[in-house]
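See below for the structure under consideration.
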Amino acid sequence: MTQPPDVHARRGELADHLALLRRQWLVLVGCVVVGGTAGLGLMRLTPSAYTAVTQVQVMPIGAQEPGNQVTARQRESLNLDTEAQVAASAVVTGRAAKALGLTTAEPAEVTVPPNSSVLAIAVTAADPQTAAVRSTAYADAYLAHRRDSALTALAEQQQAVLGKLRQVNAGLDATIRRLALLVRGTPDHTIALQRQSVLNRQAASLALKYDALRTVAVTPGAVISPAVPPSEPSSPSLPLYLGTGLMAGLLTGAAAALIRDRLDIRLRQAADIERLTGLPVLADLSCVTEPGLLHERSYAAEPGVLHERSYAVEPGVLHELACAVVAACPGKRLLVCALPADLRSSSPVEPLAVSAPLTVLDGTDVRDLARADAALLLVGLGRVTAPEVTAAARRLGRHDVPIIGVVAVTDVVPTFVPLLEPRPHTPLGKLVATGEFPTATSAELGISTSAETTPLPHMPPLRRSRPGPP
């Protein structure tokens with residue numbers, strides 16, 4: 001199944017980013033180490049703090065409020081989120097500070113465990129005993145405030161019900177006195193009787209409600225888990241500080257690696273050549289050092305022999321390189337320039353032979369630059385910078401030598417060997433007639449040299465010698 005182009009594009013971008021990080025791994029690792037060390041140092045400089053927690057079970061007080069509906073968060077006839085805000089309010093903080101004998105006290109952190117009617121009141125202090133005492137004081141202050149608030153609310157409700165009951169009783173007395181003056185059977189007497197019945201029912205209901213309010217038990221809650229002085233500090237936390245330092249170092253290292261790679265003018269991979277110089281890359285021979293292509297054997301037991309390396313290249317790589325060079329070269333003479341100049345001599349292994357039907361010039365002759373029809377650059381990755389390649393391109397451009405492309409290399413440097421085409425056999429008579437005579441050197445190389453044809457003044461006829469005595 002063929003994957004969409006955007007998937008390949010994303011993979012290419014990810015590979016480029018990973019290659020960037022591999023090139024600048026020293027900067028990345030250094031920033032990560034510095035970030036982790038800074039996190040550990042900051043943790044050592046941060047004073048220790050201890051957190052004590054008091055758990056308070058909150059109980060409903062008085063009649064259930066109609067607004068407090070039973071939900072997954074609220075299973076009691078009270079709102080625990082509201083109670084948590086009350087426990088952390090300034091009123092409770094002031095009560096706790098007054099109980100501790102302090103002018104001001106730090107606010108407590110109140111949380112509600114899920115599906116529970118419990119408040120966790122946590123207080124952080126520099127001393128574990130102080131943290132436990134303050135947490136207990138906050139819990140007591142909250143319960144006292146809740147008890148006082150409940151008693152005040154009950155008293156107000158009792159006063160309201162009592163006032164309403166008195167009003168109903170007064171109306172009932174007035175209705176009874178009026179009934180004594182009315183004649184039975186009349187409409188007014190019947191209405192007065194109905195009013196008396198309604199007022200009696202209201203008075204009975206208010207009396208029951210008043211008695212219920214007077215008998216309500218005010219229980220704001222109870223401490224189910226008192227605060228205990230903690231044995232270990234709650235902060236600073238090693239995972240928090242170390243993880244933050246490592247993450248900050250990783251982000252800083254990635255940014256520094258990106259900036260350093262952008263400012264680095266050295267050519268590290270074939271993509272850098274096209275990106276920084278604009279020259280086309282005909283072949284990337286740096287991949288011959290990948291696992292599976294490099295075979296190394298050590299001979300530590302034999303004196304004088306350290307190791308032996310051999311490189312195996314895929315069959316089509318050199319053929320494609322030769323085809324690209326022949327197709328791009330406009331003439332028959334190709335100048336091969338190595339950057340740096342000692343690229344071949346510094347190669348630790350035998351070079352790769354690339355056959356091409358061209359006259360290959362290596363620049364050792366002073367006439368090579370003038371005779372060259374095109375130039376090919378061999379760029380050693382990691383050893384040459386972009387300005388050096390650009391300067392070499394300008395130097396060749398001043399002599400009207402076009403550059404057909406670049407071959408990126410690392411450990412293995414290709415050697416371009418001219419491929420001599422075989423010449424057809426020519427009879428001796430035709431050579432004499434045309435004036436072409438083979439020489440020893442040309443016969444060995446398979447190349448014939450042409451000589452100008454000049455007439456001979458006089459040549460005696462060829463005679464066959466008779467056999468004689470030796």
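If you're wondering about the labels, chains in the structure tokens are A, B, ... by order shown, residues count from 1 in each chain, ligands from 1 in order shown.
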**Shell of 7 Å around Ile404 (chain A), only C-alpha atoms, local chain residues under 3 positions omitted, as a VMD selection string** = chain A and resid 328 to 329 374 to 376
**Item:** Residues of region 340-388 of chain A in strand (DSSP E), written as number ranges by chain
**Value:** A: 352-356, 359-361, 374-380
**Asked** Contacts of Val27 (chain A) at 9 Å or less, counting only C-alpha atoms, minus same-chain residues fewer than 5 places along, as a list of chain:residue names?
**Response** A:Leu21, A:Val32, A:Gly253, A:Ala254, A:Ala256, A:Ala257, A:Arg260
**Message:** Show me, as number ranges by chain, the residues that have an atom within 12 Å of Gly171 (chain A) when counting only C-alpha atoms, minus same-chain residues fewer than 5 positions from it.
**Reply:** A: 164-166, 176-178, 192, 195-200, 202-203
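Atom pair CA of Thr130 (chain A) / CA of Leu100 (chain A) has a distance of 10.3 Å (rounded to one decimal).
The residue that comes closest to Val223 (chain A), out of A:Leu151, A:Val183, A:Leu119, A:Ala248 and on the basis of only C-alpha atoms, is A:Leu119.
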**Request:** Show which residues sit within 12 Å of Thr37 (chain A), as a PyMOL selection string. Count only C-alpha atoms, and ignore same-chain residues fewer than 2 positions away.
**Result:** chain A and resi 30-35+39-44+238+241-249
What would the file look like if the residues just selected were written as an mmCIF file, in the first residue's frame with C-alpha atoms?
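Everything below was put into result_39.cif:
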data_model
loop_
_atom_site.group_PDB
_atom_site.id
_atom_site.type_symbol
_atom_site.label_atom_id
_atom_site.label_comp_id
_atom_site.auth_asym_id
_atom_site.auth_seq_id
_atom_site.Cartn_x
_atom_site.Cartn_y
_atom_site.Cartn_z
ATOM 1 C CA GLY A 30 25.967 19.439 27.754
ATOM 2 C CA CYS A 31 22.794 21.494 28.140
ATOM 3 C CA VAL A 32 20.917 18.517 29.611
ATOM 4 C CA VAL A 33 23.705 17.909 32.127
ATOM 5 C CA VAL A 34 23.838 21.595 33.042
ATOM 6 C CA GLY A 35 20.052 21.702 33.428
ATOM 7 C CA GLY A 39 17.950 21.619 39.203
ATOM 8 C CA LEU A 40 19.845 19.666 41.857
ATOM 9 C CA GLY A 41 21.651 22.811 42.997
ATOM 10 C CA LEU A 42 18.403 24.752 43.254
ATOM 11 C CA MET A 43 16.909 21.901 45.253
ATOM 12 C CA ARG A 44 19.835 22.038 47.675
ATOM 13 C CA LEU A 238 13.766 15.562 43.884
ATOM 14 C CA TYR A 241 13.412 19.742 40.529
ATOM 15 C CA LEU A 242 15.467 17.176 38.619
ATOM 16 C CA GLY A 243 12.776 16.613 36.001
ATOM 17 C CA THR A 244 12.286 20.349 35.537
ATOM 18 C CA GLY A 245 16.027 20.889 35.200
ATOM 19 C CA LEU A 246 16.418 18.065 32.695
ATOM 20 C CA MET A 247 13.449 19.238 30.641
ATOM 21 C CA ALA A 248 14.694 22.828 30.634
ATOM 22 C CA GLY A 249 18.155 21.603 29.663
#
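The shell of residues at most 8 Å from Thr219 (chain A), with only C-alpha atoms counted and near chain neighbours (fewer than 6 positions) removed, consists of Met59, Pro60, Ile61 and Arg147 of chain A.
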Residues of the last selection are to be written out with N, CA, C and O atoms, as a JSON list (two decimals), in the first residue's frame.
[["chain", "number", "residue", "atom", "x", "y", "z"],
["A", 59, "MET", "N", -20.47, 17.35, 58.74],
["A", 59, "MET", "CA", -21.82, 16.81, 58.92],
["A", 59, "MET", "C", -22.84, 17.88, 58.66],
["A", 59, "MET", "O", -22.60, 19.06, 58.93],
["A", 60, "PRO", "N", -24.00, 17.51, 58.15],
["A", 60, "PRO", "CA", -25.04, 18.51, 57.88],
["A", 60, "PRO", "C", -25.63, 19.07, 59.17],
["A", 60, "PRO", "O", -25.75, 18.36, 60.17],
["A", 61, "ILE", "N", -25.99, 20.32, 59.11],
["A", 61, "ILE", "CA", -26.55, 21.01, 60.27],
["A", 61, "ILE", "C", -27.92, 21.54, 59.88],
["A", 61, "ILE", "O", -28.07, 22.20, 58.84],
["A", 147, "ARG", "N", -19.89, 25.83, 63.83],
["A", 147, "ARG", "CA", -20.83, 25.69, 64.94],
["A", 147, "ARG", "C", -21.47, 27.02, 65.26],
["A", 147, "ARG", "O", -22.71, 27.10, 65.44]]
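With distances restricted to only C-alpha atoms, A:Ala108 is the closest residue to Gly94 (chain A) from A:Ala108, A:Asp81, A:Leu343, A:Phe416.
Comparing the minimum interatomic distances between Cys337 (chain A) and each of A:Thr415, A:Thr51, A:Ser231, A:Ser355, counting only C-alpha atoms, we find that A:Thr415 sits nearest.
Between Leu80 (chain A) and the candidates A:Val56, A:Ala372, A:Ala99, A:Val29, the tightest atom-to-atom separation, counting only C-alpha atoms, involves A:Val56.
Going from CA of Ala87 (chain A) to CA of Gln159 (chain A) covers 27.9 Å.
As for CA of Val118 (chain A) and CA of Gly221 (chain A), they are spaced 9.4 Å apart.
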**Prompt:** Which residues come within 9 Å of Ala131 (chain A), counting only C-alpha atoms, excluding same-chain residues fewer than 4 positions away, as a PyMOL selection string?
**Reply:** chain A and resi 50-53+122-127+135-136+227-230
Would you please give, as a JSON list (two decimals) with C-alpha atoms, in the first residue's frame, all residues of region 97-236 of chain A that DSSP assigns to alpha helix (DSSP H) based on the backbone?
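To be explicit, this is the file written out as part_1.json:
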[["chain", "number", "residue", "atom", "x", "y", "z"],
["A", 97, "ALA", "CA", -4.15, 32.92, 64.12],
["A", 98, "LYS", "CA", -5.90, 34.11, 67.28],
["A", 99, "ALA", "CA", -5.82, 30.57, 68.69],
["A", 100, "LEU", "CA", -2.11, 30.27, 67.90],
["A", 128, "PRO", "CA", 7.18, 19.59, 61.23],
["A", 129, "GLN", "CA", 5.80, 20.26, 64.72],
["A", 130, "THR", "CA", 4.70, 23.75, 63.73],
["A", 131, "ALA", "CA", 2.96, 22.39, 60.65],
["A", 132, "ALA", "CA", 1.00, 19.85, 62.72],
["A", 133, "VAL", "CA", -0.03, 22.44, 65.32],
["A", 134, "ARG", "CA", -1.21, 24.92, 62.70],
["A", 135, "SER", "CA", -3.15, 22.31, 60.79],
["A", 136, "THR", "CA", -4.96, 21.28, 63.96],
["A", 137, "ALA", "CA", -5.66, 24.92, 64.79],
["A", 138, "TYR", "CA", -7.15, 25.47, 61.34],
["A", 139, "ALA", "CA", -9.41, 22.43, 61.75],
["A", 140, "ASP", "CA", -10.60, 23.57, 65.18],
["A", 141, "ALA", "CA", -11.17, 27.10, 63.92],
["A", 142, "TYR", "CA", -13.22, 25.82, 61.00],
["A", 143, "LEU", "CA", -15.40, 23.61, 63.21],
["A", 144, "ALA", "CA", -15.89, 26.43, 65.73],
["A", 145, "HIS", "CA", -16.84, 28.86, 62.96],
["A", 146, "ARG", "CA", -19.26, 26.34, 61.51],
["A", 147, "ARG", "CA", -20.83, 25.69, 64.94],
["A", 148, "ASP", "CA", -21.26, 29.39, 65.66],
["A", 149, "SER", "CA", -22.71, 29.99, 62.22],
["A", 150, "ALA", "CA", -25.15, 27.10, 62.71],
["A", 151, "LEU", "CA", -26.25, 28.31, 66.14],
["A", 152, "THR", "CA", -26.76, 31.83, 64.84],
["A", 153, "ALA", "CA", -28.79, 30.55, 61.91],
["A", 154, "LEU", "CA", -30.93, 28.36, 64.19],
["A", 155, "ALA", "CA", -31.58, 31.22, 66.56],
["A", 156, "GLU", "CA", -32.69, 33.44, 63.71],
["A", 157, "GLN", "CA", -34.97, 30.72, 62.40],
["A", 158, "GLN", "CA", -36.46, 30.20, 65.84],
["A", 159, "GLN", "CA", -37.13, 33.91, 66.20],
["A", 160, "ALA", "CA", -38.77, 34.02, 62.79],
["A", 161, "VAL", "CA", -41.00, 31.01, 63.51],
["A", 162, "LEU", "CA", -41.85, 32.33, 66.96],
["A", 163, "GLY", "CA", -42.82, 35.72, 65.54],
["A", 164, "LYS", "CA", -45.02, 34.07, 62.95],
["A", 165, "LEU", "CA", -46.62, 31.88, 65.60],
["A", 166, "ARG", "CA", -47.46, 34.89, 67.74],
["A", 167, "GLN", "CA", -48.99, 36.61, 64.73],
["A", 168, "VAL", "CA", -51.17, 33.54, 64.01],
["A", 169, "ASN", "CA", -52.23, 33.28, 67.65],
["A", 170, "ALA", "CA", -53.22, 36.91, 67.71],
["A", 171, "GLY", "CA", -55.35, 36.41, 64.60],
["A", 172, "LEU", "CA", -56.88, 33.28, 66.12],
["A", 173, "ASP", "CA", -57.88, 35.19, 69.28],
["A", 174, "ALA", "CA", -59.47, 37.93, 67.22],
["A", 175, "THR", "CA", -61.43, 35.36, 65.20],
["A", 176, "ILE", "CA", -62.72, 33.61, 68.37],
["A", 177, "ARG", "CA", -63.92, 36.91, 69.85],
["A", 178, "ARG", "CA", -65.70, 37.74, 66.63],
["A", 179, "LEU", "CA", -67.46, 34.35, 66.54],
["A", 180, "ALA", "CA", -69.00, 35.11, 69.93],
["A", 181, "LEU", "CA", -70.72, 38.16, 68.46],
["A", 187, "PRO", "CA", -72.64, 33.62, 56.26],
["A", 188, "ASP", "CA", -70.34, 35.70, 58.44],
["A", 189, "HIS", "CA", -70.44, 33.08, 61.15],
["A", 190, "THR", "CA", -69.52, 30.35, 58.63],
["A", 191, "ILE", "CA", -66.58, 32.36, 57.25],
["A", 192, "ALA", "CA", -65.34, 33.03, 60.76],
["A", 193, "LEU", "CA", -65.45, 29.32, 61.54],
["A", 194, "GLN", "CA", -63.37, 28.50, 58.43],
["A", 195, "ARG", "CA", -60.83, 31.19, 59.31],
["A", 196, "GLN", "CA", -60.57, 29.79, 62.82],
["A", 197, "SER", "CA", -59.87, 26.31, 61.42],
["A", 198, "VAL", "CA", -57.11, 27.61, 59.10],
["A", 199, "LEU", "CA", -55.43, 29.58, 61.86],
["A", 200, "ASN", "CA", -55.53, 26.55, 64.16],
["A", 201, "ARG", "CA", -53.73, 24.44, 61.55],
["A", 202, "GLN", "CA", -51.10, 27.18, 60.96],
["A", 203, "ALA", "CA", -50.52, 27.56, 64.66],
["A", 204, "ALA", "CA", -50.07, 23.82, 65.11],
["A", 205, "SER", "CA", -47.58, 23.67, 62.17],
["A", 206, "LEU", "CA", -45.56, 26.61, 63.45],
["A", 207, "ALA", "CA", -45.50, 25.13, 66.93],
["A", 208, "LEU", "CA", -44.12, 21.85, 65.57],
["A", 209, "LYS", "CA", -41.50, 23.66, 63.52],
["A", 210, "TYR", "CA", -40.46, 25.75, 66.47],
["A", 211, "ASP", "CA", -40.09, 22.66, 68.64],
["A", 212, "ALA", "CA", -38.04, 20.98, 65.87],
["A", 213, "LEU", "CA", -35.67, 23.96, 65.64],
["A", 214, "ARG", "CA", -35.20, 23.96, 69.38]]
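Nearest to Ile121 (chain A) of all the residues A:Thr82, A:Thr186, A:Thr93, A:Thr54 is A:Thr54, counting only C-alpha atoms.
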